[in-house]
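Below is one structure, written out as structure tokens; comments come after it.
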Amino acid sequence: MEVNSSLGNPFFVRRCSQRRSQKKRSLASWETIRNTLLFGQMATDRVEAVVDGDTQEIWPKTAAWFLGPKAENNELLKELVTTAIDQHVEFRKFKYFPLDPNYVNESIIAEASFQEAVNKIRKELLNLSKRLNNSVPFFNFRSQGHMLWDTTIASNVGYIAALLYNQNNVASMASGVTLQLEREVARELCQMVGYKVVDSELEHTTLNPASWGHLPNGGTVGNIEAMWAARCLKFNALAIRKMMREKFKELRLEKVLETFTFKSLSNKDVLLKNANVWELLNIPVDEAIDMFDKLLKECQQIREDITFDLLFRCVKNCTMEEIGGWEFFDSLKDEYEEIQVRPSSGKWFVSGSRHYSWDKGANILGLGRKKMEKISVDENCRMDTKELTKALEECLEKKIPVVGVTVVFGTTQEGAVDALDKILEIRKQFEAKGLTFYIHIDGAWGGYFASCLVDESNTRMSANTYTDKESKGNTMPRKLSTCHLKRANTNTFLDAKLSQHFIAQLSCMHLANSITLDPHKSGFCPYPAGGLLYRNGNIRKFLAQKAAYVNHGSGKNEEINLFGIDGSKPGAASAGVWLSHKVIGLHDTGYGLLLQQCTFSAGVMYALWTSLEHEQDPFTVIPGIPVKESFKEKWPNSRIRREILDAETGSLLDNDFAMEFIKENGPDTLINCVSINWRSWNRESGTWENNKSLQKQREFLDKFYMRCSHSFEKPAMVDRGIQVILNSTVWNKKSHSGAYKNMKQNLGLDDEDEGDIGVIINTSMSPWLRAQKTFKRIGFIIRNELYNAYGAVHDEPQHLHLVSPSVTSAGEWNGNVFAELEASFSNPSLMYHVIGKFVFPDEDLEEIRKLASKAFHQETITRTDIPLRLVTRNKMKVFDLMTGGDLEVVNLKSKNDSEEASESSSEEMEGSRVQDKLKKYSDDHFTFEEISMPEIEVTAFFMGKEGKIGAVETRVKLKRVMRYQHLSRDFVDEKDYPPSQEYFLYADDKNAYISHCPNRWPDFQQQIQLDEMPRHNSMEKDASELYQEALQRGVIVYLPQVESGGRPLKSRRDGRVCKDPLTGHLYNALSWSDQGAFTGEMIPVTLKFYGVGRRWFSGKKINKNYSKSNFPHLFASNGQQRKEVECSSDECSSDDFEDDDVDIEKLANWASSSFISLPSNK
């Protein structure tokens, strides 16, 4: 790590010249970059930064598109929102009859009821804000589970601006402007995917049709509407012929009946009246769509007075949608009998991993779930095209019409992209046999990736142009430093090309009949904003609820919702999408750039998941999308860690082989899915044996997911100690067949058991996941939580013993205490460093105070510390103590919420000091009754040298998880003791404490109360207050002055007993500035404990009865620690932050020169 002597953020920024060796480094900060961006500079420059000692390349303009994980662009957002409000205010005042009188005048404002109403608004806004502050922070880098992330500033501002006008895009009368914005957005999206966009309907032809689209409320509505359109289309020719036979004599159009033809699949002209049912069910899609317009033209040649409306009504009265499915087929039974075919509503084919909206659509449209056939997926979670071919062959043989096939561009669980190119080819093959079908792309998640293939002139690139493919037969990666990141008029930046498979599918997406794509997913826009595009815009007429021209607009002012499912919908959504498109651009240096940065993040996370497992771990991690065979042998876990995860970013970008691994492996579209199974060590064979039970595998992942998810209002995520957000699902044999079989085999699960497999989902929508080594912090957290989950399954319930450093004898004591678990290296059920903040019920506080006073009196006599001790009256697991176990967490409303809100003023609403804001967002004021955690029955007592000093039978609730660290994880990851003594520093409003972090046997536990609160002495604004908040969650500190380093001092008489290494009462320490997996920066702090000082030390009990033979997975029979086979000491980098990120010797020297002068510790 590079340390900035100014103690600021160690973030160095440098512009890039043509050659890396010639670059000059200059000191700057993230704030500098952001401020420069606001003036339009650096928008096209690559910038390199040194963060945590790692050279990282960033693309600054993407940072200007979002508010930022810590609201870094808040001033910009405020400015833009204020501008939007000001513009709206002026609109109300001056645009429409400016001389109209004011209604809300000064006399009304002065009325008490008016003021009361205003105060009510302010108070309830505060109440709402407080509740919303318990929401999952999807914008944070720790949010890695769901298909949403931060939304663009442009989309938010556009939404807010239009929201004030309250436009309803149901019709132009209610949305004259925003409806037009929707039309423009739809045209932009059509152009992005390669559909033909025209200014006049005269440019439409059946061979090259003009597209059309709109913005429904979401992908679910879009998918169902597309299915509806395809179903209408499938039976439209039958309805037209039925109408012609019944009505054309009356309309004097018999000649048209006798002569009207259509182009068949063999490109022959076929008389409609003579075609059989099967031919009419398998007309080429665009020919079928345009049949009505063609019929209208021929009718008008006979009778000029035949209008669209008249003919439309005639056809509509014969459709299935008008008369119902039963009546429709009954009216055509003779025609079906002629070819000996049973009437059928047809089949629709989807992949087993489809979105649930397709099941909804099959039900709503009366198709039936059994008629929506699920095609199994292959090992890459893509539709198995061989299985699709078999299913289509069966339909052809039995003359079952195929309504459509869904091609998924980004499955919601695996990010997989189906092989559209193969499915298009399959359709072509079956058309030669007389069967065709509608193809819809469900690109709700992956549709926006089409922007990667569009240049800034809005011209679509070919696949060859994008990938710059090597000559055939050359399988070796190129050795050009920018080969995977090449972009016109730009230098290298931190993104990754899409895989060749995905590019191939994007290149032919314009051949699909319709596409769903959602701006509120990979378009980074607020809800609700879906998108539905039709290759042939005439298909919308099948969905019209009345004649297409009978509306309040025509031509370019044509109504939109006349044709779709949606009714009322906010015009603000369209405005938000419109502005985001204008600002970012639907091209390769706009959304394409952003999504490729996200692709890089997803690739890095795939590398992390793939290499997460170590040979000594009691679990195995299997990615849902396996590493390609061509990479497996050359890319063991050790190489992935060394060349991708541990490599400096600059080195990674210049490593073509590593970049090729990221590009060609992992998910197609940002979603990593993995499954994990626990395993047990077989002493006889000296190998792991995987759990066979699927039920136990799911239970294991449920425990893991409990520590990596949040789905209720209270208790808050911070209090629960949730450090990362993931998602979960299950795979079953029916939905994931091929992938399911592979996964079950790789996990070692029972072949005969056909139950569900538990799966974890990681969605990487952050474009900057590698910045500040975010991905490594996430990996550190995940590994620890997997060990905790393993303990949740395998630990034996114990009477848990806890020791508290808190002083409880004082009269103002409020019932809150910190307490630490008494750990044991010999007992796997107690191999944890656990600290929690607990609270007692009010009715027991006085009795505990009296007991504490007795203990304090004895302390003064014996001159020894007698801390408070707790023991659970019922046996329980550590996991249950720290999570509440399987008990349902109930959201309770704080009785203080409304009282505080009513007393708040507008000034308080805006806030002043950071300290006030931190207190405002804290739940630390919650009482025992208000904490939404289960009660734990405990015995509270003090234990002196002469025995127990009384006892109180009471209850506690866990108020905050301070630390929940599994010691086995430390042992596997860290290889040895840390270079310096490591402590956990934590505090409440008044007192601070340190707790030694045990690492491996032998080691010790220790609690010390400090004389004063350690301070952050940085000159940066708010740094001190933020550091105090970090202490209330806990941070890691190092004591480099301890001469023994990170190793414990052992007793000379008994090497299993450790001694206190802290011989003094004043230490210079190095502290991380934030809580969690070593986040923030390193800062110097001073630890003093002359006053209360040491509260508890245990260097014997934690080590008692330890034997290496009890841990055969960690130690060989000769007592030597097991090492990973594929990984030599020369080539493997350590995964732990202590060794990688902290040069303790360097920091120790820095400490001795940067801190206060230390007095003698003697």
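Here's how to read the names in the structure tokens: chain A, B, ... by the order shown, residue numbers from 1 in each chain, ligand numbers from 1 in the order shown.
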
* Selection: 8 Å around range 864-870 of chain A, only C-alpha atoms, excl. self and same-chain fewer than 2 positions, as a count of residues only -> 24

* Asked: If we count only C-alpha atoms, what is near Asn1017 in chain A at a cut-off of 9 Å, once residues fewer than 6 positions away on the same chain are taken out, given as an MDAnalysis selection string?
  -> chainID A and resid 7 1023:1024 1083:1085

* Taking into account only C-alpha atoms, which residue in the set A:Leu257, A:Leu881, A:Val627, A:Leu365 is nearest to Pro934 in chain A? ->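 Smallest distance to Pro934 in chain A is found for A:Leu881.
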
* Excluding Glu847 in chain A and residues on its chain fewer than 4 positions from it, collect all residues at most 12 Å away from it, counting only C-alpha atoms, and give them as a VMD selection string. => chain A and resid 808 to 809 811 815 840 to 843 851 to 854 940 to 941 950 to 954

* Give me every helix (DSSP H, G or I) residue in range 321-547 of chain A, going by DSSP on the backbone, as a PyMOL selection string. => chain A and resi 321-323+325-331+333-338+357-364+369-371+385-398+420-431+447-453+463-467+500-507+509-511+537-543

* **Residue neighbourhood Val402 in chain A, 6 Å, only C-alpha atoms, exclusion window fewer than 5 positions, as a PyMOL selection string** => chain A and resi 346-347+437

* Structure fact -> CA of Lys703 in chain A to CA of Ala789 in chain A measures 5.2 Å

* Per DSSP on the backbone, what are the strand (DSSP E) residues of range 623-858 of chain A, as a ChimeraX atom specification? -> /A:623,671-682,687-690,727-731,757-763,801-804,816-821,832-839

List the spatial neighbours of Lys1101 in chain A as a CSV table (one decimal) with all heavy atoms, in the first residue's frame - criterion: any atom at most 9 Å away, only C-alpha atoms, same-chain residues fewer than 4 positions off excluded.
chain,number,residue,atom,x,y,z
A,822,GLU,N,-16.1,-16.7,24.6
A,822,GLU,CA,-14.9,-17.4,24.9
A,822,GLU,C,-14.6,-18.5,23.9
A,822,GLU,O,-15.4,-19.5,23.8
A,822,GLU,CB,-15.0,-18.0,26.3
A,822,GLU,CG,-15.0,-16.9,27.5
A,822,GLU,CD,-14.9,-17.6,28.8
A,822,GLU,OE1,-13.8,-18.2,29.1
A,822,GLU,OE2,-15.8,-17.5,29.6
A,823,ALA,N,-13.6,-18.3,23.1
A,823,ALA,CA,-13.3,-19.2,22.0
A,823,ALA,C,-12.5,-20.4,22.5
A,823,ALA,O,-11.9,-20.4,23.6
A,823,ALA,CB,-12.6,-18.4,20.9
A,824,SER,N,-12.4,-21.4,21.6
A,824,SER,CA,-11.6,-22.6,21.9
A,824,SER,C,-11.1,-23.1,20.6
A,824,SER,O,-11.9,-23.4,19.6
A,824,SER,CB,-12.4,-23.6,22.6
A,824,SER,OG,-11.7,-24.9,22.7
A,1004,PHE,N,-4.2,-16.1,22.0
A,1004,PHE,CA,-4.8,-15.7,23.2
A,1004,PHE,C,-6.0,-14.7,22.9
A,1004,PHE,O,-6.2,-14.3,21.8
A,1004,PHE,CB,-3.8,-14.9,24.1
A,1004,PHE,CG,-3.3,-13.7,23.5
A,1004,PHE,CD1,-3.8,-12.4,23.7
A,1004,PHE,CD2,-2.1,-13.7,22.6
A,1004,PHE,CE1,-3.3,-11.3,23.1
A,1004,PHE,CE2,-1.6,-12.6,22.1
A,1004,PHE,CZ,-2.2,-11.4,22.3
A,1057,VAL,N,0.4,-22.3,26.6
A,1057,VAL,CA,-0.1,-21.2,27.3
A,1057,VAL,C,0.6,-19.9,26.8
A,1057,VAL,O,1.8,-19.8,26.6
A,1057,VAL,CB,0.2,-21.3,28.8
A,1057,VAL,CG1,-0.3,-20.1,29.6
A,1057,VAL,CG2,-0.5,-22.6,29.3
A,1105,ASN,N,-6.5,-28.5,25.4
A,1105,ASN,CA,-6.9,-29.8,24.7
A,1105,ASN,C,-6.8,-29.7,23.2
A,1105,ASN,O,-7.3,-30.6,22.5
A,1105,ASN,CB,-8.3,-30.2,25.1
A,1105,ASN,CG,-8.6,-30.4,26.5
A,1105,ASN,OD1,-7.6,-30.9,27.2
A,1105,ASN,ND2,-9.7,-30.0,27.0
